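K.L.:
run-v8.csv is reproduced in full below (CSV, C-alpha atoms).
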chain,number,residue,atom,x,y,z
A,1,MET,CA,21.0,7.2,-6.4
A,2,LEU,CA,22.9,10.5,-5.8
A,3,PHE,CA,19.6,12.4,-5.7
A,4,LEU,CA,18.6,10.5,-2.6
A,5,SER,CA,21.7,11.4,-0.6
A,6,HIS,CA,20.0,14.3,1.2
A,7,LEU,CA,17.3,12.1,2.8
A,8,PRO,CA,17.8,11.1,6.4
A,9,ARG,CA,18.1,7.5,7.6
A,10,LEU,CA,14.9,6.8,9.3
A,11,GLN,CA,14.0,5.0,12.5
A,12,SER,CA,11.2,2.4,12.6
A,13,HIS,CA,8.6,3.6,10.1
A,14,PHE,CA,5.7,1.6,11.6
A,15,PRO,CA,5.2,2.3,15.3
A,16,ILE,CA,2.1,0.1,15.5
A,17,PHE,CA,3.5,-3.1,13.9
A,18,SER,CA,7.0,-4.4,13.9
A,19,SER,CA,8.6,-7.7,13.0
A,20,PRO,CA,10.3,-9.6,15.9
A,21,LEU,CA,13.1,-10.6,13.5
A,22,SER,CA,16.0,-10.6,16.0
A,23,LEU,CA,14.4,-13.6,17.7
A,24,TYR,CA,14.4,-15.8,14.6
A,25,PRO,CA,16.8,-17.1,12.0
A,26,LYS,CA,16.5,-15.7,8.5
A,27,PRO,CA,15.2,-18.4,6.1
A,28,THR,CA,13.9,-17.4,2.7
A,29,LEU,CA,10.8,-18.4,0.8
A,30,LEU,CA,11.6,-19.5,-2.7
A,31,ILE,CA,9.0,-18.5,-5.3
A,32,THR,CA,9.1,-20.5,-8.5
A,33,LYS,CA,6.8,-21.2,-11.4
A,34,SER,CA,4.8,-23.7,-9.5
A,35,LEU,CA,3.9,-21.0,-6.9
A,36,LEU,CA,3.1,-18.3,-9.4
A,37,SER,CA,-0.6,-17.6,-10.1
A,38,THR,CA,-2.8,-15.0,-11.8
A,39,PRO,CA,-4.7,-12.4,-9.7
A,40,LYS,CA,-8.1,-13.6,-8.4
A,41,THR,CA,-11.3,-11.6,-7.9
A,42,ASN,CA,-13.3,-14.3,-6.0
A,43,PRO,CA,-14.7,-13.6,-2.6
A,44,ILE,CA,-12.3,-12.8,0.2
A,45,SER,CA,-10.7,-15.7,2.1
A,46,HIS,CA,-8.6,-15.3,5.2
A,47,PHE,CA,-5.5,-16.9,3.9
A,48,SER,CA,-3.9,-17.4,0.5
A,49,SER,CA,-3.1,-20.9,-0.4
A,50,THR,CA,0.4,-20.2,-1.6
A,51,PRO,CA,3.0,-17.3,-1.1
A,52,THR,CA,2.6,-15.9,-4.7
A,53,LEU,CA,3.4,-12.8,-6.6
A,54,PRO,CA,1.2,-11.9,-9.6
A,55,SER,CA,1.9,-14.0,-12.7
A,56,LEU,CA,5.2,-13.2,-14.3
A,57,GLN,CA,4.9,-13.4,-18.1
A,58,SER,CA,8.2,-14.0,-19.9
A,59,PRO,CA,9.1,-11.4,-22.4
A,60,PRO,CA,10.8,-12.5,-25.6
A,61,ASN,CA,14.3,-14.1,-25.2
A,62,SER,CA,13.9,-14.3,-21.4
A,63,PRO,CA,14.7,-17.5,-19.4
A,64,PRO,CA,11.7,-19.8,-19.0
A,65,LEU,CA,9.6,-19.3,-15.8
A,66,ASP,CA,11.0,-22.5,-14.3
A,67,GLU,CA,14.4,-20.9,-14.1
A,68,THR,CA,13.0,-17.6,-12.7
A,69,HIS,CA,12.6,-17.3,-9.0
A,70,LEU,CA,12.3,-14.6,-6.3
A,71,GLU,CA,13.5,-15.1,-2.8
A,72,ILE,CA,11.7,-13.4,0.0
A,73,PRO,CA,13.8,-13.3,3.2
A,74,ILE,CA,11.9,-13.3,6.5
A,75,GLU,CA,13.2,-9.8,7.3
A,76,LYS,CA,11.5,-8.5,4.1
A,77,LEU,CA,8.1,-9.7,5.3
A,78,PHE,CA,5.6,-7.5,7.2
A,79,ILE,CA,4.7,-9.6,10.3
A,80,PRO,CA,2.0,-8.1,12.5
A,81,PRO,CA,2.4,-8.4,16.3
A,82,GLU,CA,0.9,-11.3,18.1
A,83,THR,CA,1.5,-13.4,15.0
A,84,GLU,CA,3.1,-16.7,15.8
A,85,PHE,CA,5.0,-18.5,13.0
A,86,SER,CA,6.8,-21.4,14.7
A,87,SER,CA,6.9,-24.8,12.9
A,88,GLU,CA,4.1,-26.1,15.2
A,89,ASN,CA,1.6,-23.6,13.7
A,90,ARG,CA,0.2,-23.2,10.2
A,91,PRO,CA,3.3,-22.7,7.9
A,92,LEU,CA,4.1,-19.1,7.3
A,93,SER,CA,4.1,-19.7,3.6
A,94,THR,CA,0.4,-20.3,3.6
A,95,ARG,CA,-0.4,-16.9,5.2
A,96,ILE,CA,1.2,-14.4,2.9
A,97,LEU,CA,-1.2,-12.2,0.9
A,98,LYS,CA,-0.8,-12.7,-2.8
A,99,GLY,CA,1.3,-10.1,-4.6
A,100,SER,CA,2.6,-8.7,-1.3
A,101,ASN,CA,5.0,-9.1,1.6
A,102,ILE,CA,2.3,-9.1,4.2
A,103,VAL,CA,1.6,-12.0,6.6
A,104,LEU,CA,-2.0,-12.3,7.8
A,105,SER,CA,-2.7,-12.3,11.5
A,106,LYS,CA,-5.6,-13.4,13.7
A,107,TYR,CA,-7.0,-9.8,13.3
A,108,ALA,CA,-7.8,-10.3,9.6
A,109,SER,CA,-11.6,-10.5,9.8
A,110,ASN,CA,-14.7,-8.6,8.7
A,111,ALA,CA,-12.9,-7.4,5.6
A,112,GLN,CA,-15.8,-7.3,3.2
A,113,VAL,CA,-17.3,-3.9,2.1
A,114,MET,CA,-21.0,-4.1,2.5
A,115,GLN,CA,-21.8,-0.4,2.3
A,116,ALA,CA,-20.0,2.8,1.2
A,117,GLU,CA,-21.1,6.4,1.2
A,118,PHE,CA,-19.5,9.8,0.7
A,119,VAL,CA,-19.7,11.8,3.9
A,120,LYS,CA,-18.0,15.2,3.5
A,121,SER,CA,-15.1,17.1,2.0
A,122,SER,CA,-12.8,19.1,4.4
A,123,VAL,CA,-10.0,21.6,3.9
A,124,THR,CA,-8.7,21.4,7.5
A,125,THR,CA,-8.1,18.5,9.9
A,126,GLU,CA,-10.5,20.2,12.4
A,127,ASP,CA,-13.3,20.0,9.8
A,128,CYS,CA,-13.0,16.2,9.4
A,129,PRO,CA,-15.7,13.8,10.9
A,130,SER,CA,-15.5,13.7,14.6
A,131,ASP,CA,-17.2,10.3,15.3
A,132,GLY,CA,-13.9,8.6,16.1
A,133,PHE,CA,-14.1,5.8,13.5
A,134,PRO,CA,-10.7,4.5,12.3
A,135,GLU,CA,-9.6,5.6,8.9
A,136,PHE,CA,-7.2,4.8,6.1
A,137,ALA,CA,-5.8,7.6,3.8
A,138,LEU,CA,-5.0,7.1,0.2
A,139,VAL,CA,-2.4,9.5,-1.2
A,140,GLY,CA,-0.1,9.5,-4.3
A,141,ARG,CA,1.2,11.4,-7.2
A,142,SER,CA,-1.4,12.9,-9.4
A,143,ASN,CA,-2.8,10.4,-12.0
A,144,VAL,CA,-1.5,7.4,-10.1
A,145,GLY,CA,-4.9,5.8,-10.1
A,146,LYS,CA,-6.0,6.8,-6.6
A,147,SER,CA,-9.7,7.4,-7.3
A,148,SER,CA,-9.9,4.3,-9.5
A,149,LEU,CA,-8.5,2.2,-6.7
A,150,LEU,CA,-11.0,3.6,-4.2
A,151,ASN,CA,-13.8,2.8,-6.6
A,152,SER,CA,-12.4,-0.7,-7.0
A,153,LEU,CA,-12.2,-1.3,-3.3
A,154,VAL,CA,-15.9,-0.6,-2.8
A,155,ARG,CA,-17.0,-2.0,-6.2
A,156,ARG,CA,-18.6,1.3,-7.1
A,157,LYS,CA,-17.6,2.9,-10.4
A,158,LYS,CA,-18.4,6.5,-9.4
A,159,LEU,CA,-18.1,6.7,-5.7
A,160,ALA,CA,-14.9,8.8,-6.1
A,161,LEU,CA,-14.5,11.2,-9.0
A,162,THR,CA,-12.1,9.9,-11.7
A,163,SER,CA,-10.8,12.1,-14.4
A,164,LYS,CA,-8.4,12.1,-17.3
A,165,LYS,CA,-7.1,15.4,-15.9
A,166,PRO,CA,-4.9,15.1,-12.8
A,167,GLY,CA,-5.5,17.2,-9.7
A,168,LYS,CA,-9.3,16.9,-9.4
A,169,THR,CA,-9.1,15.8,-5.8
A,170,GLN,CA,-8.6,19.1,-3.9
A,171,CYS,CA,-10.0,18.3,-0.4
A,172,ILE,CA,-9.8,15.7,2.3
A,173,ASN,CA,-12.7,13.5,1.2
A,174,HIS,CA,-14.2,11.0,3.7
A,175,PHE,CA,-16.1,7.9,2.6
A,176,ARG,CA,-17.8,5.9,5.4
A,177,ILE,CA,-17.5,2.1,5.0
A,178,ASN,CA,-20.0,-0.3,6.7
A,179,ASP,CA,-20.9,2.6,9.0
A,180,SER,CA,-17.8,1.8,11.1
A,181,TRP,CA,-14.6,3.1,9.4
A,182,TYR,CA,-13.4,5.5,6.7
A,183,LEU,CA,-11.5,5.5,3.4
A,184,VAL,CA,-10.0,9.0,2.9
A,185,ASP,CA,-9.1,10.3,-0.5
A,186,LEU,CA,-6.4,13.0,-0.3
A,187,PRO,CA,-5.2,15.5,-2.9
A,188,GLY,CA,-2.5,14.1,-5.2
A,189,TYR,CA,0.9,15.6,-5.1
A,190,GLY,CA,3.2,16.6,-8.0
A,191,PHE,CA,0.6,18.2,-10.2
A,192,ALA,CA,2.6,20.8,-12.0
A,193,ALA,CA,-0.3,22.4,-13.8
A,194,ALA,CA,-1.9,23.5,-10.5
A,195,PRO,CA,-1.2,27.1,-9.3
A,196,HIS,CA,1.7,27.2,-6.8
A,197,GLU,CA,-0.4,28.6,-4.1
A,198,LEU,CA,-3.0,25.8,-4.5
A,199,ARG,CA,-0.2,23.2,-4.4
A,200,THR,CA,1.2,24.7,-1.2
A,201,ASP,CA,-2.3,24.6,0.4
A,202,TRP,CA,-2.8,21.0,-0.5
A,203,ASP,CA,0.6,20.1,0.8
A,204,LYS,CA,0.1,22.0,4.1
A,205,PHE,CA,-3.4,20.6,5.0
A,206,THR,CA,-2.5,17.1,3.9
A,207,LYS,CA,0.6,17.0,6.1
A,208,ASP,CA,-1.3,18.6,9.0
A,209,TYR,CA,-3.8,15.8,8.6
A,210,PHE,CA,-1.1,13.1,8.8
A,211,LEU,CA,0.5,14.6,11.9
A,212,ASN,CA,-2.7,15.5,13.8
A,213,ARG,CA,-5.4,13.1,12.9
A,214,SER,CA,-5.8,10.8,15.9
A,215,THR,CA,-8.0,8.3,14.2
A,216,LEU,CA,-5.6,7.7,11.2
A,217,VAL,CA,-4.7,4.0,11.3
A,218,SER,CA,-2.4,4.0,8.2
A,219,VAL,CA,-1.5,5.9,5.1
A,220,PHE,CA,-1.6,4.0,1.9
A,221,LEU,CA,1.0,5.5,-0.4
A,222,LEU,CA,0.2,4.8,-4.1
A,223,ILE,CA,3.2,4.2,-6.5
A,224,ASP,CA,2.8,3.7,-10.2
A,225,ALA,CA,4.5,0.3,-10.9
A,226,SER,CA,4.3,0.7,-14.7
A,227,ILE,CA,7.2,3.3,-14.6
A,228,PRO,CA,10.5,3.6,-12.9
A,229,ALA,CA,10.6,5.1,-9.4
A,230,LYS,CA,10.1,8.9,-9.2
A,231,LYS,CA,12.1,11.1,-6.9
A,232,ILE,CA,9.0,12.8,-5.5
A,233,ASP,CA,7.5,9.4,-4.5
A,234,LEU,CA,10.8,8.4,-2.8
A,235,GLU,CA,10.8,11.7,-0.9
A,236,TYR,CA,7.2,11.4,0.2
A,237,ALA,CA,7.8,7.9,1.5
A,238,SER,CA,10.9,9.2,3.4
A,239,TRP,CA,8.8,12.1,4.9
A,240,LEU,CA,6.1,9.6,6.2
A,241,GLY,CA,8.8,7.4,7.7
A,242,GLN,CA,10.7,10.3,9.3
A,243,ASN,CA,7.5,11.5,11.0
A,244,GLN,CA,6.6,7.9,12.0
A,245,ILE,CA,3.3,7.9,10.1
A,246,PRO,CA,2.2,4.2,9.6
A,247,MET,CA,2.5,3.5,5.9
A,248,THR,CA,1.7,0.8,3.3
A,249,LEU,CA,3.0,1.0,-0.2
A,250,ILE,CA,0.3,0.3,-2.9
A,251,PHE,CA,1.8,-0.4,-6.3
A,252,THR,CA,-0.8,0.5,-8.9
A,253,LYS,CA,-1.1,-0.3,-12.7
A,254,CYS,CA,0.5,-3.7,-12.3
A,255,ASP,CA,-1.5,-4.9,-15.3
A,256,LYS,CA,0.6,-2.7,-17.7
A,257,ARG,CA,3.5,-4.3,-19.5
A,258,LYS,CA,6.3,-2.4,-21.1
A,259,LYS,CA,8.0,-3.8,-24.3
A,260,ARG,CA,11.5,-4.9,-23.7
A,261,LYS,CA,12.7,-3.6,-27.0
A,262,ASN,CA,11.9,-0.1,-25.7
A,263,GLY,CA,13.8,-0.5,-22.5
A,264,GLY,CA,10.7,-0.8,-20.4
A,265,LYS,CA,10.6,-2.8,-17.2
A,266,ARG,CA,7.9,-5.1,-15.9
A,267,PRO,CA,5.9,-3.9,-12.9
A,268,GLU,CA,7.5,-6.6,-10.7
A,269,GLU,CA,11.0,-5.1,-11.6
A,270,ASN,CA,9.9,-1.6,-10.8
A,271,VAL,CA,8.4,-2.8,-7.5
A,272,LEU,CA,11.7,-4.4,-6.5
A,273,ASP,CA,13.7,-1.3,-7.7
A,274,PHE,CA,11.6,1.0,-5.6
A,275,GLN,CA,12.1,-1.1,-2.5
A,276,ASP,CA,15.9,-1.2,-3.1
A,277,LEU,CA,15.9,2.6,-3.3
A,278,ILE,CA,14.1,3.1,0.0
A,279,ARG,CA,15.8,0.2,1.8
A,280,ASP,CA,18.6,2.3,3.3
A,281,PHE,CA,16.2,4.8,4.8
A,282,PHE,CA,14.1,2.3,6.8
A,283,GLN,CA,15.1,-0.1,9.5
A,284,THR,CA,12.2,-2.4,8.7
A,285,VAL,CA,10.6,-3.0,5.3
A,286,PRO,CA,7.2,-1.3,4.8
A,287,PRO,CA,4.3,-3.5,3.9
A,288,TRP,CA,3.5,-3.5,0.2
A,289,ILE,CA,0.8,-4.8,-2.2
A,290,MET,CA,0.7,-5.0,-6.0
A,291,THR,CA,-2.6,-3.9,-7.5
A,292,SER,CA,-4.6,-3.1,-10.7
A,293,SER,CA,-7.9,-1.3,-10.8
A,294,VAL,CA,-8.5,-2.8,-14.3
A,295,THR,CA,-8.3,-6.5,-13.2
A,296,ASN,CA,-9.0,-5.9,-9.5
A,297,GLN,CA,-5.7,-7.5,-8.6
A,298,GLY,CA,-4.9,-6.7,-5.0
A,299,ARG,CA,-8.4,-5.6,-4.1
A,300,ASP,CA,-9.1,-8.4,-1.6
A,301,GLU,CA,-5.6,-8.3,-0.3
A,302,ILE,CA,-5.8,-4.5,0.5
A,303,LEU,CA,-9.1,-5.1,2.3
A,304,LEU,CA,-7.7,-8.0,4.4
A,305,HIS,CA,-4.7,-5.9,5.3
A,306,MET,CA,-6.9,-2.9,6.3
A,307,ALA,CA,-9.0,-5.3,8.4
A,308,GLN,CA,-6.1,-6.6,10.4
A,309,LEU,CA,-4.7,-3.1,10.9
A,310,ARG,CA,-8.1,-1.8,11.9
A,311,ASN,CA,-9.0,-4.6,14.3
A,312,TYR,CA,-5.7,-4.4,16.0
A,313,TRP,CA,-6.0,-0.6,16.3
A,314,LEU,CA,-9.5,-0.9,17.8
A,315,LYS,CA,-8.3,-3.4,20.4
A,316,HIS,CA,-5.3,-1.4,21.4
I'd like the structure from this file rewritten - as structure tokens, please.
P.N.:
Amino acid sequence: MLFLSHLPRLQSHFPIFSSPLSLYPKPTLLITKSLLSTPKTNPISHFSSTPTLPSLQSPPNSPPLDETHLEIPIEKLFIPPETEFSSENRPLSTRILKGSNIVLSKYASNAQVMQAEFVKSSVTTEDCPSDGFPEFALVGRSNVGKSSLLNSLVRRKKLALTSKKPGKTQCINHFRINDSWYLVDLPGYGFAAAPHELRTDWDKFTKDYFLNRSTLVSVFLLIDASIPAKKIDLEYASWLGQNQIPMTLIFTKCDKRKKRKNGGKRPEENVLDFQDLIRDFFQTVPPWIMTSSVTNQGRDEILLHMAQLRNYWLKH
């Protein structure tokens, strides 16, 4: 962890939502085999029935699942404002989105995508649509699966360009959803094959967009969960936090399984490792969701999370 020593300790990374943790004790939610389930692709429901992570499949010579458990302390949950969780209300454990640390609030409604269309590509923030609709930006390292995730969210295979060659997204691309909000596809970072001048331009107008786009509700930072944490991803998360840009971590490729004999880790382990690496740089834990564009794991959960962020933003 020496390579992270230059990163500053950050203040609250999420100015819109914060968890009122100091007012409550710190119990934990124990997740065991009976609470684990496989990802679902059925229609969206407002609340998950159990606080689950995606199915943990035991590699050879590992302990049986009954002996495997994960504890989620209250302080590691993302709890939206105006969300009550006293014992007199619906138990908190029934309101956690599957494969995430996110508690659903009363604002989680109208999450379905009924219509999606490409609107325009821009190279400056000033050129972006000016209709005032709220928007969510997808950004991540090149080849992290950003365009595939966008296509999965809208159930359209070719809405966003996907390519075997990284670096195809070179503009700020706006997609209007339900004629009322936007998904924004941003250039990937860390594409070494791109000319230095082009990488500099992408970096400049992307960061300008983050800092100056008044209708930006949240950045969804995509992290490849099939591999160990990358320094460039950790630094990008740090920059977003330092500049108080609302952020959600989206862990992609969670369907991929590495073989233990080759020293590979399961996606769940890489997710936990990434959170451990950024823990010291954030006062509150960022919201996160595990996904797969192959199985559609996390699709409904992302849309519900976007809905509650969007509806809260519109009200306030």
K.L.:
Would you mind reading off the distance between atom CA of A:Gly190 and atom CA of A:Gln244, one decimal, in Å?
P.N.:
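Taking atom CA of A:Gly190 as the start and atom CA of A:Gln244 as the end point, the length is 22.1 Å.
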K.L.:
I want to know what sits within 10 Å of A:Leu303, based on all atoms listed in the file, with residues of the same chain fewer than 6 positions away left out; could you give that as a PyMOL selection string?
P.N.:
chain A and resi 44+108-113+153-154+309
K.L.:
Let me make sure I understand: among A:Val123, A:Ile102, A:Met114, A:Ile177, which one has the smallest atom-to-atom distance to A:Ile250 if we use all atoms listed in the file?
P.N.:
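With all atoms listed in the file as the atom set, the closest residue is A:Ile102.
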K.L.:
Show me a table, sorted first by chain and then by increasing residue number, of the residues of stretch 200-228 of chain A having an atom at most 10 Å from stretch 274-283 of chain A, each with its shortest atom pair and the distance in Å to one decimal, counting all atoms listed in the file and written as JSON lines.
P.N.:
{"residue": "A:Ile223", "atom": "CA", "partner": "A:Phe274", "partner_atom": "CA", "distance": 9.0}
{"residue": "A:Ala225", "atom": "CA", "partner": "A:Phe274", "partner_atom": "CA", "distance": 8.9}
{"residue": "A:Pro228", "atom": "CA", "partner": "A:Phe274", "partner_atom": "CA", "distance": 7.8}
K.L.:
Restrict the selected residues to C-alpha atoms and save them as a tab-separated table (two decimals), in the frame of the given file.
P.N.:
chain	number	residue	atom	x	y	z
A	223	ILE	CA	3.20	4.20	-6.50
A	225	ALA	CA	4.50	0.30	-10.90
A	228	PRO	CA	10.50	3.60	-12.90
K.L.:
So which residues are close to (12.2, -7.9, 8.0), meaning at most 8 Å away in the file's coordinates with only C-alpha atoms counted, and can you show them as a VMD selection string?
P.N.:
chain A and resid 19 21 73 to 78 284 to 285
K.L.:
Counting all atoms listed in the file, which of A:Thr206, A:Thr248, A:Ser93, A:Asn173 gets nearest to A:Cys128?
P.N.:
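Selected residue with least distance to A:Cys128: A:Asn173.
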K.L.:
Do you know which residues are at most 12 Å from A:Tyr209 counting only C-alpha atoms, after dropping those on the same chain fewer than 5 positions away, and could you put them as a list in words?
P.N.:
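The neighbour list is Ser122, Val123, Thr124, Thr125, Glu126, Asp127, Cys128, Glu135, Phe136, Ala137, Val139, Cys171, Ile172, Asn173, Val184, Asp185, Leu186, Pro187, Trp202, Asp203, Lys204, Ser214, Thr215, Leu216, Ser218, Val219, Leu240 and Ile245 of chain A.
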K.L.:
Could you please determine the separation between atom CA of A:His174 and atom CA of A:Val119 in Å, to one decimal place?
P.N.:
5.6 Å
K.L.:
Closest to A:Asn143 among A:Tyr189, A:Pro286, A:Asn243, A:Phe220, using only C-alpha atoms?
P.N.:
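When distances to A:Asn143 are compared using only C-alpha atoms, the smallest one comes from A:Tyr189.
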K.L.:
One decimal, in Å: what's the spacing between atom CA of A:Met247 and atom CA of A:Val217?
P.N.:
9.0 Å
K.L.:
Would you list the residues near (7.2, -5.9, -8.4) (no more than 6 Å away, in the coordinates of the file, using all atoms listed in the file) as a list in words?
P.N.:
Pro267, Glu268, Glu269, Asn270, Val271 and Leu272 of chain A
K.L.:
Considering only C-alpha atoms, state which residue in the set A:Glu82, A:Glu117, A:Asp300, A:Asp273 is at the smallest distance from A:Tyr182.
P.N.:
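Using only C-alpha atoms, A:Tyr182 sits closest to A:Glu117.
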K.L.:
Closest to A:Trp181 among A:Asp131, A:Lys253, A:Asp233, A:Tyr312, using only C-alpha atoms?
P.N.:
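Looking only at the distances to A:Trp181, the closest residue turns out to be A:Asp131.
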K.L.:
Would you mind telling me which residue in A:Val103, A:Leu150, A:Leu222, A:Val294 lies nearest to A:Asp255 when using all atoms listed in the file?
P.N.:
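Between A:Val103, A:Leu150, A:Leu222, A:Val294, the residue approaching A:Asp255 most closely is A:Val294.
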K.L.:
Please complete stretch 125-133 of chain A with all heavy atoms and give it back as an mmCIF file, in the coordinates of the input.
P.N.:
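Resulting contents of result.cif:
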data_model
loop_
_atom_site.group_PDB
_atom_site.id
_atom_site.type_symbol
_atom_site.label_atom_id
_atom_site.label_comp_id
_atom_site.auth_asym_id
_atom_site.auth_seq_id
_atom_site.Cartn_x
_atom_site.Cartn_y
_atom_site.Cartn_z
ATOM 1 N N THR A 125 -7.966 19.663 9.064
ATOM 2 C CA THR A 125 -8.100 18.500 9.900
ATOM 3 C C THR A 125 -9.276 18.657 10.882
ATOM 4 O O THR A 125 -10.025 17.718 11.173
ATOM 5 C CB THR A 125 -6.826 18.179 10.662
ATOM 6 O OG1 THR A 125 -5.756 18.076 9.727
ATOM 7 C CG2 THR A 125 -6.930 16.881 11.446
ATOM 8 N N GLU A 126 -9.437 19.869 11.389
ATOM 9 C CA GLU A 126 -10.500 20.200 12.400
ATOM 10 C C GLU A 126 -11.890 19.954 11.774
ATOM 11 O O GLU A 126 -12.839 19.665 12.504
ATOM 12 C CB GLU A 126 -10.364 21.586 12.892
ATOM 13 C CG GLU A 126 -9.140 21.839 13.754
ATOM 14 C CD GLU A 126 -7.852 21.928 12.950
ATOM 15 O OE1 GLU A 126 -7.932 22.121 11.709
ATOM 16 O OE2 GLU A 126 -6.766 21.781 13.546
ATOM 17 N N ASP A 127 -12.015 20.112 10.455
ATOM 18 C CA ASP A 127 -13.300 20.000 9.800
ATOM 19 C C ASP A 127 -13.688 18.519 9.518
ATOM 20 O O ASP A 127 -14.821 18.231 9.131
ATOM 21 C CB ASP A 127 -13.339 20.754 8.484
ATOM 22 C CG ASP A 127 -13.290 22.256 8.706
ATOM 23 O OD1 ASP A 127 -13.682 22.701 9.805
ATOM 24 O OD2 ASP A 127 -12.837 22.968 7.781
ATOM 25 N N CYS A 128 -12.762 17.592 9.693
ATOM 26 C CA CYS A 128 -13.000 16.200 9.400
ATOM 27 C C CYS A 128 -14.037 15.588 10.347
ATOM 28 O O CYS A 128 -14.243 16.121 11.440
ATOM 29 C CB CYS A 128 -11.706 15.396 9.437
ATOM 30 S SG CYS A 128 -10.515 15.836 8.150
ATOM 31 N N PRO A 129 -14.678 14.476 9.975
ATOM 32 C CA PRO A 129 -15.700 13.800 10.900
ATOM 33 C C PRO A 129 -15.103 13.581 12.251
ATOM 34 O O PRO A 129 -13.928 13.225 12.404
ATOM 35 C CB PRO A 129 -15.972 12.528 10.131
ATOM 36 C CG PRO A 129 -15.733 12.835 8.696
ATOM 37 C CD PRO A 129 -14.558 13.777 8.676
ATOM 38 N N SER A 130 -15.960 13.744 13.250
ATOM 39 C CA SER A 130 -15.500 13.700 14.600
ATOM 40 C C SER A 130 -16.110 12.474 15.389
ATOM 41 O O SER A 130 -16.169 12.480 16.615
ATOM 42 C CB SER A 130 -15.856 14.955 15.380
ATOM 43 O OG SER A 130 -17.253 15.205 15.315
ATOM 44 N N ASP A 131 -16.569 11.451 14.643
ATOM 45 C CA ASP A 131 -17.200 10.300 15.300
ATOM 46 C C ASP A 131 -16.240 9.279 15.839
ATOM 47 O O ASP A 131 -16.633 8.314 16.473
ATOM 48 C CB ASP A 131 -18.210 9.632 14.348
ATOM 49 C CG ASP A 131 -17.625 9.356 12.973
ATOM 50 O OD1 ASP A 131 -16.379 9.225 12.881
ATOM 51 O OD2 ASP A 131 -18.390 9.287 12.003
ATOM 52 N N GLY A 132 -14.923 9.453 15.574
ATOM 53 C CA GLY A 132 -13.900 8.600 16.100
ATOM 54 C C GLY A 132 -13.692 7.265 15.426
ATOM 55 O O GLY A 132 -12.930 6.409 15.886
ATOM 56 N N PHE A 133 -14.326 7.070 14.246
ATOM 57 C CA PHE A 133 -14.100 5.800 13.500
ATOM 58 C C PHE A 133 -12.686 5.792 12.945
ATOM 59 O O PHE A 133 -12.132 6.820 12.537
ATOM 60 C CB PHE A 133 -15.090 5.747 12.316
ATOM 61 C CG PHE A 133 -16.510 5.476 12.708
ATOM 62 C CD1 PHE A 133 -17.563 5.820 11.859
ATOM 63 C CD2 PHE A 133 -16.825 4.874 13.918
ATOM 64 C CE1 PHE A 133 -18.874 5.564 12.203
ATOM 65 C CE2 PHE A 133 -18.141 4.615 14.281
ATOM 66 C CZ PHE A 133 -19.165 4.965 13.424
#
